Amino acid sequence: MWYELGPAHWGQGYAVEATSALLDFAFGPLGLHRVWADCDPRNTASCRVVTRLGMTLEGCLRENWFLKGEWCDSMIYGILDNEWKGHHGQRTRAPSKNENEW
Ligand SMILES: CC(C)(COP(=O)(O)OP(=O)(O)OC[C@H]1O[C@@H](n2cnc3c(N)ncnc32)[C@H](O)[C@@H]1OP(=O)(O)O)[C@@H](O)C(=O)NCCC(=O)NCCS
């Protein structure tokens, strides 16, 4: 799962709302077992999106992408179908900031 919004629309909850709908579709009609996301650890907003969704930090792929002239790590977050169904009723809860620490 990747996401990108136009800057005029940042900070209004759209990323969490849109990715929640995506996970509902993935674990509902599509019947998927696992969804993963790739976050640049320097991107606080992106990492907050996946922690708000209840995704688990599973690992770090070091210098996985070459972007804008430099190598960037990838933090891999995952969620399973049963975890999403358990998280579903609680997803308005904002996790504490340290849930995002590596
Ligand atoms: C990452 C991105 C999709 C977030 O979208 P968004 O709609 O602004 O996110 P939301 O409004 O749903 O906010 C999600 C969380 O991030 C936090 N957040 C948003 N912008 C932030 C910022 N600039 N700095 C710190 N935290 C931020 C919000 O407070 C929220 O956390 P909270 O629930 O704990 O308050 C958007 O910034 C974007 O498109 N960026 C450019 C592309 C990109 O970086 N994609 C990801 C590649 S790894």
# chains A, B, ... in the order shown; residues from 1 in each chain; ligands from 1
>>> closest_atom_pairs(of="chain A", to="ligand 1", cutoff="6 Å", atoms="only C-alpha atoms and all ligand atoms", output="Markdown table")
| residue | atom | partner | partner_atom_place_in_ligand_line | distance |
| --- | --- | --- | --- | --- |
| A:Tyr3 | CA | ligand 1 | 45 (N) | 5.2 |
| A:Glu4 | CA | ligand 1 | 39 (O) | 3.4 |
| A:Leu5 | CA | ligand 1 | 39 (O) | 3.6 |
| A:Trp10 | CA | ligand 1 | 8 (O) | 3.2 |
| A:Gly11 | CA | ligand 1 | 11 (O) | 3.5 |
| A:Gln12 | CA | ligand 1 | 11 (O) | 4.1 |
| A:Gly13 | CA | ligand 1 | 11 (O) | 3.2 |
| A:Tyr14 | CA | ligand 1 | 7 (O) | 4.0 |
| A:Ala15 | CA | ligand 1 | 7 (O) | 3.8 |
| A:Val16 | CA | ligand 1 | 12 (O) | 4.1 |
| A:Cys39 | CA | ligand 1 | 48 (S) | 3.9 |
| A:Asp40 | CA | ligand 1 | 48 (S) | 4.5 |
| A:Thr44 | CA | ligand 1 | 25 (C) | 5.0 |
| A:Ala45 | CA | ligand 1 | 16 (O) | 3.7 |
| A:Ser46 | CA | ligand 1 | 1 (C) | 3.9 |
| A:Arg48 | CA | ligand 1 | 15 (C) | 4.6 |
| A:Val49 | CA | ligand 1 | 14 (C) | 4.5 |
| A:Ala94 | CA | ligand 1 | 34 (O) | 5.5 |
>>> select_by_dssp(residues="range 54-87 of chain A", states="alpha helix (DSSP H)", output="ChimeraX atom specification")
/A:81-87
>>> residues_around(residues="Ser20 in chain A", least_positions_apart="5", cutoff="12 Å", atoms="only C-alpha atoms", output="count of residues only")
26
>>> atom_distance(atom1="CA of Glu17 in chain A", atom2="CA of Trp2 in chain A")
13.9 Å
>>> closest_residue(among="A:Leu32, A:Pro41, A:Gly78, A:Glu83", to="Arg62 in chain A", atoms="only C-alpha atoms")
A:Pro41
>>> select_by_dssp(residues="chain A", states="strand (DSSP E or B)", output="list in words")
Arg34, Val35, Trp36, Ala37, Asp38, Cys39, Thr56, Leu57, Glu58, Gly59, Cys60, Leu61, Arg62, Glu63, Asn64, Trp65, Phe66, Leu67, Glu70, Trp71, Cys72, Asp73, Ser74, Met75, Ile76, Tyr77, Gly78, Ile79 and Leu80 of chain A
>>> atom_distance(atom1="CA of Ala18 in chain A", atom2="CA of Gly59 in chain A")
24.1 Å
>>> closest_residue(among="A:Gly6, A:Leu61, A:Trp36, A:Asn82", to="Thr19 in chain A", atoms="only C-alpha atoms")
A:Trp36
>>> atom_distance(atom1="CA of Leu22 in chain A", atom2="CA of Tyr77 in chain A")
15.2 Å
>>> closest_residue(among="A:His33, A:Thr56, A:Cys47, A:Asp38", to="Met75 in chain A", atoms="only C-alpha atoms")
A:Asp38
>>> decode(residues="range 37-72 of chain A", atoms="N, CA, C and O atoms", output="short mmCIF file (atom, residue, chain, number, x, y, z; two decimals), in the first residue's frame")
data_model
loop_
_atom_site.label_atom_id
_atom_site.label_comp_id
_atom_site.auth_asym_id
_atom_site.auth_seq_id
_atom_site.Cartn_x
_atom_site.Cartn_y
_atom_site.Cartn_z
N ALA A 37 2.67 -2.03 3.96
CA ALA A 37 2.95 -0.67 3.50
C ALA A 37 4.43 -0.39 3.69
O ALA A 37 5.09 -0.98 4.55
N ASP A 38 4.93 0.53 2.90
CA ASP A 38 6.36 0.89 2.90
C ASP A 38 6.45 2.38 3.21
O ASP A 38 5.92 3.20 2.46
N CYS A 39 7.08 2.73 4.35
CA CYS A 39 7.18 4.14 4.76
C CYS A 39 8.62 4.58 4.82
O CYS A 39 9.48 3.87 5.34
N ASP A 40 8.86 5.76 4.38
CA ASP A 40 10.15 6.42 4.59
C ASP A 40 10.17 6.87 6.06
O ASP A 40 9.30 7.64 6.48
N PRO A 41 11.12 6.38 6.87
CA PRO A 41 11.11 6.70 8.30
C PRO A 41 11.22 8.19 8.60
O PRO A 41 10.87 8.64 9.68
N ARG A 42 11.69 8.98 7.63
CA ARG A 42 11.79 10.43 7.85
C ARG A 42 10.45 11.11 7.66
O ARG A 42 10.28 12.29 7.98
N ASN A 43 9.48 10.36 7.14
CA ASN A 43 8.17 10.93 6.81
C ASN A 43 7.20 10.67 7.97
O ASN A 43 6.50 9.66 8.02
N THR A 44 7.17 11.60 8.91
CA THR A 44 6.36 11.44 10.12
C THR A 44 4.90 11.21 9.80
O THR A 44 4.24 10.35 10.39
N ALA A 45 4.35 11.99 8.87
CA ALA A 45 2.93 11.87 8.55
C ALA A 45 2.61 10.49 8.00
O ALA A 45 1.61 9.87 8.39
N SER A 46 3.47 9.98 7.14
CA SER A 46 3.24 8.66 6.55
C SER A 46 3.28 7.57 7.61
O SER A 46 2.43 6.67 7.63
N CYS A 47 4.25 7.66 8.52
CA CYS A 47 4.34 6.65 9.59
C CYS A 47 3.15 6.74 10.54
O CYS A 47 2.67 5.73 11.05
N ARG A 48 2.64 7.95 10.76
CA ARG A 48 1.45 8.09 11.61
C ARG A 48 0.23 7.44 10.96
O ARG A 48 -0.62 6.88 11.64
N VAL A 49 0.13 7.53 9.65
CA VAL A 49 -1.02 6.92 8.96
C VAL A 49 -1.06 5.42 9.26
O VAL A 49 -2.09 4.89 9.69
N VAL A 50 0.05 4.73 9.09
CA VAL A 50 0.02 3.27 9.28
C VAL A 50 -0.16 2.88 10.75
O VAL A 50 -0.81 1.88 11.04
N THR A 51 0.38 3.68 11.68
CA THR A 51 0.14 3.34 13.09
C THR A 51 -1.31 3.61 13.46
O THR A 51 -1.90 2.85 14.23
N ARG A 52 -1.92 4.67 12.91
CA ARG A 52 -3.35 4.92 13.15
C ARG A 52 -4.20 3.75 12.66
O ARG A 52 -5.26 3.46 13.21
N LEU A 53 -3.75 3.06 11.61
CA LEU A 53 -4.49 1.93 11.05
C LEU A 53 -4.29 0.65 11.88
O LEU A 53 -4.96 -0.35 11.64
N GLY A 54 -3.38 0.69 12.85
CA GLY A 54 -3.11 -0.50 13.66
C GLY A 54 -2.13 -1.45 13.00
O GLY A 54 -2.04 -2.61 13.40
N MET A 55 -1.37 -0.96 12.03
CA MET A 55 -0.39 -1.82 11.35
C MET A 55 0.85 -1.99 12.25
O MET A 55 1.17 -1.12 13.06
N THR A 56 1.53 -3.12 12.10
CA THR A 56 2.70 -3.46 12.91
C THR A 56 3.99 -3.22 12.14
O THR A 56 4.09 -3.62 10.98
N LEU A 57 4.94 -2.58 12.80
CA LEU A 57 6.25 -2.40 12.19
C LEU A 57 6.97 -3.74 12.17
O LEU A 57 7.21 -4.35 13.22
N GLU A 58 7.29 -4.24 10.98
CA GLU A 58 7.83 -5.59 10.83
C GLU A 58 9.31 -5.62 10.51
O GLU A 58 9.98 -6.63 10.71
N GLY A 59 9.83 -4.52 9.98
CA GLY A 59 11.25 -4.54 9.65
C GLY A 59 11.67 -3.32 8.86
O GLY A 59 10.84 -2.49 8.48
N CYS A 60 12.97 -3.24 8.66
CA CYS A 60 13.56 -2.12 7.92
C CYS A 60 14.40 -2.66 6.78
O CYS A 60 15.27 -3.50 7.01
N LEU A 61 14.10 -2.21 5.56
CA LEU A 61 14.94 -2.54 4.40
C LEU A 61 15.88 -1.35 4.22
O LEU A 61 15.44 -0.26 3.85
N ARG A 62 17.14 -1.56 4.51
CA ARG A 62 18.09 -0.45 4.49
C ARG A 62 18.40 -0.01 3.07
O ARG A 62 18.63 -0.83 2.19
N GLU A 63 18.40 1.30 2.88
CA GLU A 63 18.74 1.91 1.59
C GLU A 63 18.07 1.17 0.43
O GLU A 63 18.72 0.73 -0.52
N ASN A 64 16.76 1.07 0.53
CA ASN A 64 15.96 0.28 -0.41
C ASN A 64 15.59 1.05 -1.67
O ASN A 64 15.32 0.44 -2.69
N TRP A 65 15.49 2.38 -1.57
CA TRP A 65 15.10 3.21 -2.70
C TRP A 65 16.15 4.28 -2.94
O TRP A 65 16.73 4.80 -2.00
N PHE A 66 16.34 4.65 -4.20
CA PHE A 66 17.20 5.80 -4.53
C PHE A 66 16.27 6.91 -4.98
O PHE A 66 15.71 6.86 -6.08
N LEU A 67 16.06 7.90 -4.12
CA LEU A 67 15.10 8.97 -4.37
C LEU A 67 15.76 10.31 -4.23
O LEU A 67 16.44 10.57 -3.22
N LYS A 68 15.54 11.17 -5.18
CA LYS A 68 16.06 12.55 -5.13
C LYS A 68 17.53 12.58 -4.73
O LYS A 68 17.95 13.33 -3.84
N GLY A 69 18.31 11.71 -5.34
CA GLY A 69 19.76 11.75 -5.16
C GLY A 69 20.31 11.08 -3.93
O GLY A 69 21.50 11.21 -3.63
N GLU A 70 19.47 10.36 -3.19
CA GLU A 70 20.01 9.67 -2.00
C GLU A 70 19.26 8.36 -1.75
O GLU A 70 18.12 8.19 -2.16
N TRP A 71 19.98 7.45 -1.06
CA TRP A 71 19.38 6.17 -0.68
C TRP A 71 18.47 6.36 0.52
O TRP A 71 18.82 7.08 1.47
N CYS A 72 17.30 5.70 0.49
CA CYS A 72 16.32 5.85 1.56
C CYS A 72 15.94 4.48 2.11
O CYS A 72 15.76 3.53 1.35
#
